[in-house]
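Asker: Handing over model18.cif, mmCIF, C-alpha atoms.
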```
data_entry
loop_
_atom_site.group_PDB
_atom_site.id
_atom_site.type_symbol
_atom_site.label_atom_id
_atom_site.label_comp_id
_atom_site.auth_asym_id
_atom_site.auth_seq_id
_atom_site.Cartn_x
_atom_site.Cartn_y
_atom_site.Cartn_z
ATOM 1 C CA MET A 1 -0.426 -8.148 -28.829
ATOM 2 C CA SER A 2 3.275 -7.747 -27.984
ATOM 3 C CA THR A 3 5.834 -9.458 -30.171
ATOM 4 C CA ALA A 4 8.486 -11.765 -28.741
ATOM 5 C CA ILE A 5 11.934 -10.222 -28.356
ATOM 6 C CA GLU A 6 15.302 -11.835 -27.775
ATOM 7 C CA SER A 7 16.498 -11.416 -24.192
ATOM 8 C CA ASP A 8 19.980 -10.167 -23.294
ATOM 9 C CA PRO A 9 21.274 -12.264 -20.345
ATOM 10 C CA ASP A 10 23.077 -9.223 -18.891
ATOM 11 C CA LEU A 11 19.821 -7.256 -18.566
ATOM 12 C CA VAL A 12 17.511 -7.583 -15.579
ATOM 13 C CA LEU A 13 15.091 -5.126 -17.172
ATOM 14 C CA ASP A 14 14.540 -4.538 -20.863
ATOM 15 C CA LEU A 15 11.618 -2.222 -21.569
ATOM 16 C CA ARG A 16 11.012 -1.112 -25.138
ATOM 17 C CA ASP A 17 8.513 1.632 -25.902
ATOM 18 C CA VAL A 18 6.345 0.575 -22.952
ATOM 19 C CA ALA A 19 3.307 2.602 -21.944
ATOM 20 C CA LEU A 20 0.638 2.094 -19.309
ATOM 21 C CA ARG A 21 -2.855 3.521 -19.829
ATOM 22 C CA ARG A 22 -5.950 3.510 -17.646
ATOM 23 C CA ASP A 23 -9.400 4.864 -18.623
ATOM 24 C CA GLY A 24 -7.967 6.442 -21.734
ATOM 25 C CA ARG A 25 -5.240 8.280 -19.822
ATOM 26 C CA THR A 26 -1.550 7.535 -20.295
ATOM 27 C CA LEU A 27 0.076 7.099 -16.883
ATOM 28 C CA VAL A 28 3.581 6.552 -18.224
ATOM 29 C CA GLY A 29 5.287 6.111 -21.560
ATOM 30 C CA PRO A 30 6.442 5.478 -24.052
ATOM 31 C CA VAL A 31 9.624 4.523 -22.178
ATOM 32 C CA THR A 32 12.614 2.542 -23.396
ATOM 33 C CA TRP A 33 14.873 1.497 -20.522
ATOM 34 C CA GLN A 34 17.483 -1.176 -19.859
ATOM 35 C CA VAL A 35 18.990 -2.110 -16.482
ATOM 36 C CA GLU A 36 22.062 -4.325 -16.219
ATOM 37 C CA LEU A 37 23.009 -6.729 -13.437
ATOM 38 C CA ASP A 38 25.478 -4.462 -11.637
ATOM 39 C CA GLU A 39 23.610 -1.164 -11.977
ATOM 40 C CA ARG A 40 21.867 0.885 -9.293
ATOM 41 C CA TRP A 41 19.225 3.229 -10.698
ATOM 42 C CA VAL A 42 17.256 6.108 -9.232
ATOM 43 C CA ILE A 43 14.030 7.381 -10.836
ATOM 44 C CA LEU A 44 13.026 10.946 -10.028
ATOM 45 C CA GLY A 45 10.237 13.234 -11.062
ATOM 46 C CA PRO A 46 7.345 15.338 -9.778
ATOM 47 C CA ASN A 47 4.035 13.922 -8.560
ATOM 48 C CA GLY A 48 2.125 12.260 -11.393
ATOM 49 C CA ALA A 49 5.230 11.775 -13.526
ATOM 50 C CA GLY A 50 4.651 8.024 -13.847
ATOM 51 C CA LYS A 51 7.353 6.729 -11.482
ATOM 52 C CA THR A 52 5.198 4.250 -9.572
ATOM 53 C CA SER A 53 3.427 3.135 -12.752
ATOM 54 C CA LEU A 54 6.777 2.295 -14.323
ATOM 55 C CA LEU A 55 7.789 0.382 -11.199
ATOM 56 C CA LYS A 56 4.585 -1.681 -11.402
ATOM 57 C CA ILE A 57 5.632 -2.873 -14.853
ATOM 58 C CA ALA A 58 9.183 -3.553 -13.663
ATOM 59 C CA SER A 59 7.819 -5.668 -10.781
ATOM 60 C CA ALA A 60 5.479 -7.617 -13.113
ATOM 61 C CA LEU A 61 2.432 -6.305 -11.241
ATOM 62 C CA GLU A 62 1.114 -4.604 -14.384
ATOM 63 C CA TYR A 63 1.304 -5.510 -18.053
ATOM 64 C CA PRO A 64 2.236 -2.669 -20.403
ATOM 65 C CA SER A 65 -0.567 -1.357 -22.592
ATOM 66 C CA ASP A 66 1.944 -0.899 -25.407
ATOM 67 C CA GLY A 67 5.483 -2.038 -26.071
ATOM 68 C CA THR A 68 7.381 -5.029 -24.710
ATOM 69 C CA ALA A 69 8.683 -5.591 -21.188
ATOM 70 C CA VAL A 70 11.246 -8.254 -20.316
ATOM 71 C CA VAL A 71 11.863 -8.752 -16.589
ATOM 72 C CA LEU A 72 14.677 -11.101 -15.530
ATOM 73 C CA GLY A 73 14.655 -12.672 -18.980
ATOM 74 C CA GLU A 74 10.882 -13.268 -19.032
ATOM 75 C CA GLN A 75 8.599 -11.295 -21.326
ATOM 76 C CA LEU A 76 5.414 -10.053 -19.679
ATOM 77 C CA GLY A 77 2.375 -11.488 -21.410
ATOM 78 C CA ARG A 78 4.296 -14.590 -22.455
ATOM 79 C CA THR A 79 5.259 -16.066 -19.087
ATOM 80 C CA GLU A 80 3.786 -17.139 -15.761
ATOM 81 C CA VAL A 81 4.221 -14.112 -13.504
ATOM 82 C CA THR A 82 3.719 -15.786 -10.103
ATOM 83 C CA GLU A 83 7.178 -17.363 -10.136
ATOM 84 C CA LEU A 84 8.666 -14.265 -11.758
ATOM 85 C CA ARG A 85 7.359 -11.958 -9.019
ATOM 86 C CA SER A 86 9.063 -14.110 -6.379
ATOM 87 C CA ARG A 87 12.411 -13.212 -7.968
ATOM 88 C CA VAL A 88 11.754 -9.476 -7.560
ATOM 89 C CA GLY A 89 12.008 -7.754 -4.179
ATOM 90 C CA LEU A 90 9.509 -4.905 -3.868
ATOM 91 C CA SER A 91 9.084 -2.364 -1.081
ATOM 92 C CA SER A 92 6.115 -0.076 -1.647
ATOM 93 C CA VAL A 93 3.210 1.720 -0.013
ATOM 94 C CA ALA A 94 0.874 -0.764 -1.716
ATOM 95 C CA VAL A 95 2.414 -3.591 0.321
ATOM 96 C CA ALA A 96 2.290 -1.573 3.560
ATOM 97 C CA GLY A 97 -1.430 -0.953 3.230
ATOM 98 C CA ARG A 98 -2.234 -4.673 3.296
ATOM 99 C CA ILE A 99 -0.332 -5.621 6.460
ATOM 100 C CA PRO A 100 -2.368 -6.588 9.571
ATOM 101 C CA GLY A 101 -1.629 -4.392 12.578
ATOM 102 C CA ASP A 102 -0.864 -7.379 14.821
ATOM 103 C CA GLU A 103 1.702 -8.895 12.440
ATOM 104 C CA LEU A 104 5.143 -9.331 14.014
ATOM 105 C CA ALA A 105 7.977 -7.717 12.060
ATOM 106 C CA ARG A 106 9.861 -11.027 12.096
ATOM 107 C CA ASP A 107 6.898 -12.890 10.601
ATOM 108 C CA LEU A 108 6.338 -10.188 8.002
ATOM 109 C CA VAL A 109 9.905 -10.621 6.792
ATOM 110 C CA VAL A 110 10.048 -14.412 6.894
ATOM 111 C CA SER A 111 6.680 -14.857 5.141
ATOM 112 C CA ALA A 112 8.122 -13.239 2.006
ATOM 113 C CA GLY A 113 9.927 -16.524 1.371
ATOM 114 C CA TYR A 114 6.519 -18.194 1.087
ATOM 115 C CA SER A 115 5.003 -15.465 -1.106
ATOM 116 C CA VAL A 116 2.326 -14.683 1.472
ATOM 117 C CA LEU A 117 1.433 -11.601 3.474
ATOM 118 C CA GLY A 118 0.329 -12.321 7.019
ATOM 119 C CA ARG A 119 1.246 -15.436 8.920
ATOM 120 C CA TRP A 120 -1.404 -18.139 9.171
ATOM 121 C CA ARG A 121 -0.448 -21.706 10.049
ATOM 122 C CA GLU A 122 2.928 -21.865 8.341
ATOM 123 C CA GLN A 123 5.764 -23.424 10.271
ATOM 124 C CA TYR A 124 9.079 -21.758 9.470
ATOM 125 C CA ASP A 125 12.310 -23.657 9.895
ATOM 126 C CA ARG A 126 15.401 -22.343 11.649
ATOM 127 C CA MET A 127 17.131 -21.478 8.379
ATOM 128 C CA ASP A 128 14.261 -19.180 7.380
ATOM 129 C CA LEU A 129 14.162 -17.498 10.783
ATOM 130 C CA ASP A 130 17.942 -16.974 10.762
ATOM 131 C CA ARG A 131 17.736 -15.503 7.267
ATOM 132 C CA ALA A 132 15.000 -13.108 8.407
ATOM 133 C CA ALA A 133 17.083 -12.048 11.411
ATOM 134 C CA ASP A 134 20.151 -11.421 9.236
ATOM 135 C CA THR A 135 18.109 -9.422 6.739
ATOM 136 C CA LEU A 136 16.615 -7.246 9.459
ATOM 137 C CA GLU A 137 20.090 -6.688 10.899
ATOM 138 C CA ALA A 138 21.444 -5.628 7.510
ATOM 139 C CA ILE A 139 18.941 -2.765 7.388
ATOM 140 C CA GLY A 140 19.294 -1.833 11.063
ATOM 141 C CA GLY A 141 16.042 -3.411 12.187
ATOM 142 C CA GLU A 142 17.142 -6.378 14.285
ATOM 143 C CA HIS A 143 15.619 -4.816 17.411
ATOM 144 C CA LEU A 144 12.202 -4.696 15.715
ATOM 145 C CA ALA A 145 11.761 -8.446 15.244
ATOM 146 C CA GLU A 146 9.227 -8.965 18.063
ATOM 147 C CA ARG A 147 7.346 -5.692 17.513
ATOM 148 C CA THR A 148 3.943 -5.630 15.845
ATOM 149 C CA TRP A 149 3.349 -3.627 12.674
ATOM 150 C CA ALA A 150 0.915 -1.274 14.421
ATOM 151 C CA THR A 151 3.557 -0.187 16.963
ATOM 152 C CA LEU A 152 6.237 0.685 14.407
ATOM 153 C CA SER A 153 7.091 4.249 13.428
ATOM 154 C CA GLU A 154 7.164 5.239 9.755
ATOM 155 C CA GLY A 155 10.932 4.838 9.615
ATOM 156 C CA GLU A 156 10.807 1.449 11.326
ATOM 157 C CA ARG A 157 8.143 0.269 8.894
ATOM 158 C CA LYS A 158 10.313 1.272 5.961
ATOM 159 C CA ARG A 159 13.192 -0.806 7.336
ATOM 160 C CA VAL A 160 10.990 -3.860 7.818
ATOM 161 C CA LEU A 161 9.557 -3.560 4.306
ATOM 162 C CA ILE A 162 13.028 -3.360 2.794
ATOM 163 C CA ALA A 163 14.090 -6.395 4.827
ATOM 164 C CA ARG A 164 11.030 -8.256 3.514
ATOM 165 C CA ALA A 165 11.940 -7.287 -0.048
ATOM 166 C CA MET A 166 15.450 -8.683 0.499
ATOM 167 C CA MET A 167 14.342 -11.879 2.255
ATOM 168 C CA THR A 168 14.166 -14.003 -0.903
ATOM 169 C CA ASP A 169 17.619 -12.892 -2.093
ATOM 170 C CA PRO A 170 16.019 -11.211 -5.132
ATOM 171 C CA GLU A 171 17.694 -10.721 -8.473
ATOM 172 C CA LEU A 172 16.090 -7.288 -8.738
ATOM 173 C CA LEU A 173 15.294 -4.946 -5.817
ATOM 174 C CA LEU A 174 12.677 -2.204 -6.326
ATOM 175 C CA LEU A 175 12.257 0.489 -3.655
ATOM 176 C CA ASP A 176 9.311 2.853 -4.091
ATOM 177 C CA GLU A 177 9.941 6.033 -2.067
ATOM 178 C CA PRO A 178 11.600 4.349 0.936
ATOM 179 C CA GLY A 179 12.456 7.741 2.433
ATOM 180 C CA ALA A 180 8.915 9.180 2.324
ATOM 181 C CA GLY A 181 7.699 10.311 5.722
ATOM 182 C CA LEU A 182 11.055 9.964 7.468
ATOM 183 C CA ASP A 183 12.562 12.673 9.648
ATOM 184 C CA LEU A 184 16.081 13.907 8.949
ATOM 185 C CA GLY A 185 17.792 11.353 11.169
ATOM 186 C CA GLY A 186 15.758 8.476 9.786
ATOM 187 C CA ARG A 187 16.405 9.553 6.224
ATOM 188 C CA GLU A 188 20.142 9.874 6.712
ATOM 189 C CA ASP A 189 20.369 6.482 8.403
ATOM 190 C CA LEU A 190 18.414 4.865 5.564
ATOM 191 C CA VAL A 191 20.515 6.593 2.894
ATOM 192 C CA ALA A 192 23.709 5.365 4.582
ATOM 193 C CA ARG A 193 22.473 1.763 4.725
ATOM 194 C CA LEU A 194 21.264 1.810 1.131
ATOM 195 C CA GLY A 195 24.611 3.283 0.151
ATOM 196 C CA ASP A 196 26.392 0.341 1.796
ATOM 197 C CA MET A 197 24.147 -2.031 -0.158
ATOM 198 C CA ALA A 198 24.844 -0.191 -3.397
ATOM 199 C CA MET A 199 28.580 -0.631 -2.875
ATOM 200 C CA ASP A 200 28.217 -4.388 -2.283
ATOM 201 C CA PRO A 201 29.076 -6.240 -5.529
ATOM 202 C CA ASP A 202 26.871 -9.143 -4.439
ATOM 203 C CA ALA A 203 23.781 -6.953 -3.962
ATOM 204 C CA PRO A 204 21.026 -7.243 -6.576
ATOM 205 C CA ALA A 205 20.397 -4.704 -9.293
ATOM 206 C CA THR A 206 18.459 -1.929 -7.559
ATOM 207 C CA VAL A 207 15.932 0.689 -8.647
ATOM 208 C CA LEU A 208 15.003 3.456 -6.203
ATOM 209 C CA VAL A 209 12.059 5.800 -6.796
ATOM 210 C CA THR A 210 12.120 9.160 -5.020
ATOM 211 C CA HIS A 211 11.045 12.798 -5.309
ATOM 212 C CA HIS A 212 14.211 14.177 -3.739
ATOM 213 C CA VAL A 213 17.848 14.097 -4.878
ATOM 214 C CA GLU A 214 18.908 14.233 -1.209
ATOM 215 C CA GLU A 215 17.596 10.662 -0.843
ATOM 216 C CA ILE A 216 19.938 9.246 -3.502
ATOM 217 C CA PRO A 217 22.497 7.042 -1.710
ATOM 218 C CA PRO A 218 26.181 7.116 -2.625
ATOM 219 C CA GLY A 219 27.072 4.319 -5.012
ATOM 220 C CA PHE A 220 24.069 4.669 -7.288
ATOM 221 C CA THR A 221 25.249 4.592 -10.883
ATOM 222 C CA HIS A 222 22.373 5.675 -13.132
ATOM 223 C CA ALA A 223 19.342 7.941 -13.081
ATOM 224 C CA MET A 224 16.149 8.581 -15.013
ATOM 225 C CA LEU A 225 14.072 11.748 -14.850
ATOM 226 C CA LEU A 226 10.370 11.498 -15.653
ATOM 227 C CA ALA A 227 7.915 14.313 -16.278
ATOM 228 C CA GLU A 228 4.311 13.983 -17.444
ATOM 229 C CA GLY A 229 4.844 10.268 -18.125
ATOM 230 C CA GLY A 230 7.831 10.726 -20.417
ATOM 231 C CA VAL A 231 11.600 10.543 -20.035
ATOM 232 C CA THR A 232 13.342 13.894 -19.621
ATOM 233 C CA ALA A 233 16.843 12.427 -19.206
ATOM 234 C CA SER A 234 18.361 8.990 -18.622
ATOM 235 C CA GLY A 235 21.884 7.630 -18.233
ATOM 236 C CA LEU A 236 24.884 7.906 -15.931
ATOM 237 C CA ILE A 237 23.865 9.647 -12.732
ATOM 238 C CA GLU A 238 26.373 12.500 -12.996
ATOM 239 C CA ASP A 239 25.084 13.303 -16.497
ATOM 240 C CA VAL A 240 21.407 13.211 -15.504
ATOM 241 C CA ILE A 241 21.284 14.883 -12.068
ATOM 242 C CA THR A 242 22.116 18.389 -13.257
ATOM 243 C CA SER A 243 20.579 21.790 -12.675
ATOM 244 C CA GLU A 244 19.449 21.987 -16.296
ATOM 245 C CA ASN A 245 17.766 18.569 -16.314
ATOM 246 C CA LEU A 246 16.035 18.999 -12.954
ATOM 247 C CA SER A 247 14.815 22.464 -13.922
ATOM 248 C CA SER A 248 13.258 20.935 -17.029
ATOM 249 C CA ALA A 249 11.664 17.986 -15.181
ATOM 250 C CA PHE A 250 10.240 20.066 -12.319
ATOM 251 C CA ALA A 251 9.349 23.102 -14.466
ATOM 252 C CA GLN A 252 11.195 25.635 -12.313
ATOM 253 C CA SER A 253 14.722 26.921 -11.918
ATOM 254 C CA ILE A 254 16.661 24.488 -9.690
ATOM 255 C CA VAL A 255 20.308 24.457 -8.678
ATOM 256 C CA VAL A 256 21.975 21.127 -7.855
ATOM 257 C CA ASP A 257 25.176 20.644 -5.872
ATOM 258 C CA ALA A 258 27.161 17.404 -5.561
ATOM 259 C CA ILE A 259 29.045 17.029 -2.261
ATOM 260 C CA ASP A 260 30.889 13.876 -1.162
ATOM 261 C CA GLY A 261 28.857 11.601 -3.375
ATOM 262 C CA ARG A 262 25.491 13.151 -2.391
ATOM 263 C CA PHE A 263 23.209 15.517 -4.283
ATOM 264 C CA PHE A 264 21.463 18.587 -2.865
ATOM 265 C CA ALA A 265 18.905 20.746 -4.680
ATOM 266 C CA ARG A 266 17.373 24.156 -4.075
ATOM 267 C CA ARG A 267 15.345 26.638 -6.015
ATOM 268 C CA ALA A 268 17.476 29.270 -7.726
ATOM 269 C CA ARG A 269 17.217 32.738 -6.213
ATOM 270 C CA ARG A 270 15.550 35.198 -8.521
ATOM 271 C CA PRO A 271 17.814 38.034 -9.714
ATOM 272 C CA GLY A 272 17.352 41.342 -7.938
ATOM 273 C CA ARG A 273 15.664 39.912 -4.847
ATOM 274 C CA HIS A 274 17.775 40.541 -1.756
ATOM 275 C CA ARG A 275 16.993 40.445 1.938
ATOM 276 C CA ARG A 276 17.041 43.824 3.619
ATOM 277 C CA ALA A 277 19.680 44.444 6.228
#
```
Give the structure from this file in structure tokens form.

Answerer:
Amino acid sequence: MSTAIESDPDLVLDLRDVALRRDGRTLVGPVTWQVELDERWVILGPNGAGKTSLLKIASALEYPSDGTAVVLGEQLGRTEVTELRSRVGLSSVAVAGRIPGDELARDLVVSAGYSVLGRWREQYDRMDLDRAADTLEAIGGEHLAERTWATLSEGERKRVLIARAMMTDPELLLLDEPGAGLDLGGREDLVARLGDMAMDPDAPATVLVTHHVEEIPPGFTHAMLLAEGGVTASGLIEDVITSENLSSAFAQSIVVDAIDGRFFARRARRPGRHRRA
């Protein structure tokens, strides 16, 4: 049973030695991690590193098997999570898989304010509909409002899911691989919009999970590298996203370049291997 810990009001996340296990297998942990109100974090790592598992704890969807997790001042296991989850905006594949194909994008966004997925007989007032329209516009999806989920491309779906996550004006925004499946143009547009959000002092604390450093928007302040469920490096983004750290996390020689606030990675060329003329 987890012990009660004193909450720091400046922390939106306070995880101490948390681990998540299923069927005797450790999915992530132990991890100690704190996120402050004005921070924008990116979590990177190879497949199976534990990124999504850690995000499930941060979103109060899973209780840690070990350690203590405090989300927005509430300790998991000692609080009612229904109200807590409404204060966290989450965009993930798990949400996407539960959306009816005939759901309008506008209704998908506005229903987040009622903590439901799929419109039934709810009557939304003008304030809610205006908020949904503004949120879609902020992510470049205003033209999608009357489209059904089944007709949206992968990139369009990602925009709508992010708008839904932002609908309730969350105190913490969690984005699980928002760039997955996007083409180059879609990725760059999304990165630019997330970069604008990151620069906004009124935006919520944000955590972005990705496999690729190229998807890190400008303005993100901190990073964590995970490998095999454990933390390889964590801290200020310029100290974490380095060739040495990425090579360790991904178990191969990687070179990282930083250009105009963006990161780009490639595998290091092996010595002595040259293309013939």

Asker: Can you list, as a ChimeraX atom specification, the residues that the PyMOL selection byres ((chain A and resi 92-105) around 9) selects here?

Answerer: /A:90-91,106-110,117-119,144-152,157-158,160-162,174-178

Asker: From the list A:Ser111, A:Ser248, A:Thr168, A:Gly235, which residue is nearest Gln34 of chain A when using all atoms listed in the file?

Answerer: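 Smallest distance to Gln34 of chain A is found for A:Gly235.
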
Asker: Please expand the PyMOL selection byres ((chain A and resi 36-48) around 7) into the concrete residues it hits in this file, giving the result as a list of chain:residue names.

Answerer: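 Expected selection for the PyMOL selection byres ((chain A and resi 36-48) around 7) here is A:Asp10, A:Leu11, A:Val12, A:Gln34, A:Val35, A:Ala49, A:Gly50, A:Lys51, A:Ala198, A:Ala205, A:Thr206, A:Val207, A:Leu208, A:Val209, A:Thr210, A:His211, A:Phe220, A:Thr221, A:His222, A:Ala223, A:Met224, A:Leu225, A:Leu226, A:Ala227, A:Glu228, A:Ala249, A:Phe250.
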
Asker: Output the residue selection produced by the PyMOL selection byres ((chain A and resi 54) around 9) on the file above, formatted as a list of chain:residue names.

Answerer: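 Given this file, the PyMOL selection byres ((chain A and resi 54) around 9) evaluates to A:Val18, A:Ala19, A:Leu20, A:Leu27, A:Val28, A:Gly29, A:Val31, A:Gly50, A:Lys51, A:Thr52, A:Ser53, A:Leu55, A:Lys56, A:Ile57, A:Ala58, A:Ser59, A:Glu62.
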
Asker: Pick out the residues sitting within 8 Å of Thr32 of chain A, and hand them over as a PyMOL selection string; count all atoms listed in the file, and ignore anything fewer than 6 positions along from it in its own chain.

Answerer: chain A and resi 14-18

Asker: Would you export the selected residues with C-alpha atoms as an mmCIF file, keeping the file's coordinate frame, please?

Answerer:
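Result file is out_18.cif:
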```
data_model
loop_
_atom_site.group_PDB
_atom_site.id
_atom_site.type_symbol
_atom_site.label_atom_id
_atom_site.label_comp_id
_atom_site.auth_asym_id
_atom_site.auth_seq_id
_atom_site.Cartn_x
_atom_site.Cartn_y
_atom_site.Cartn_z
ATOM 1 C CA ASP A 14 14.540 -4.538 -20.863
ATOM 2 C CA LEU A 15 11.618 -2.222 -21.569
ATOM 3 C CA ARG A 16 11.012 -1.112 -25.138
ATOM 4 C CA ASP A 17 8.513 1.632 -25.902
ATOM 5 C CA VAL A 18 6.345 0.575 -22.952
#
```

Asker: For Leu190 of chain A, which of A:Glu214, A:Phe263, A:Arg85, A:Leu61 is the closest residue, counting all atoms listed in the file?

Answerer: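 Among the listed residues, A:Glu214 lies closest to Leu190 of chain A.
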
Asker: What is the distance between atom CA of Val71 of chain A and atom CA of Leu173 of chain A, in Å to one decimal?

Answerer: 11.9 Å

Asker: Would you please work out which residue, of A:Leu236, A:Leu172, A:Val116, A:Ala138, is nearest to Val88 of chain A when using all atoms listed in the file?

Answerer: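 Using all atoms listed in the file, the shortest distance to Val88 of chain A belongs to A:Leu172.
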
Asker: Taking all atoms listed in the file into account, which of A:Asp23, A:Glu83, A:Glu137, A:Asp128 comes nearest Arg193 of chain A?

Answerer: A:Glu137

Asker: Between A:Asp189, A:Asp134, A:Asp66, A:Asp257, which has the minimum distance to Ala163 of chain A (counting all atoms listed in the file)?

Answerer: A:Asp134

Asker: Taking all atoms of segment 163-171 of chain A that the file lists and extending 5 Å past them on each side, where is the centre of the axis-aligned box and how long are its edges? Answer in Å to one decimal, as JSON.

Answerer:
```
{"center_x": 14.4, "center_y": -10.2, "center_z": -1.8, "size_x": 16.7, "size_y": 17.6, "size_z": 23.3}
```

Asker: Find the residue from A:Met166, A:Leu13, A:Val256, A:Val81 that sits nearest to Pro204 of chain A; use only C-alpha atoms when measuring.

Answerer: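 For Pro204 of chain A, the nearest of the given residues is A:Met166.
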
Asker: Please report the interatomic distance between atom CA of Gln252 of chain A and atom CA of Arg267 of chain A in Å with one decimal.

Answerer: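 Atom CA of Arg267 of chain A lies 7.6 Å from atom CA of Gln252 of chain A.
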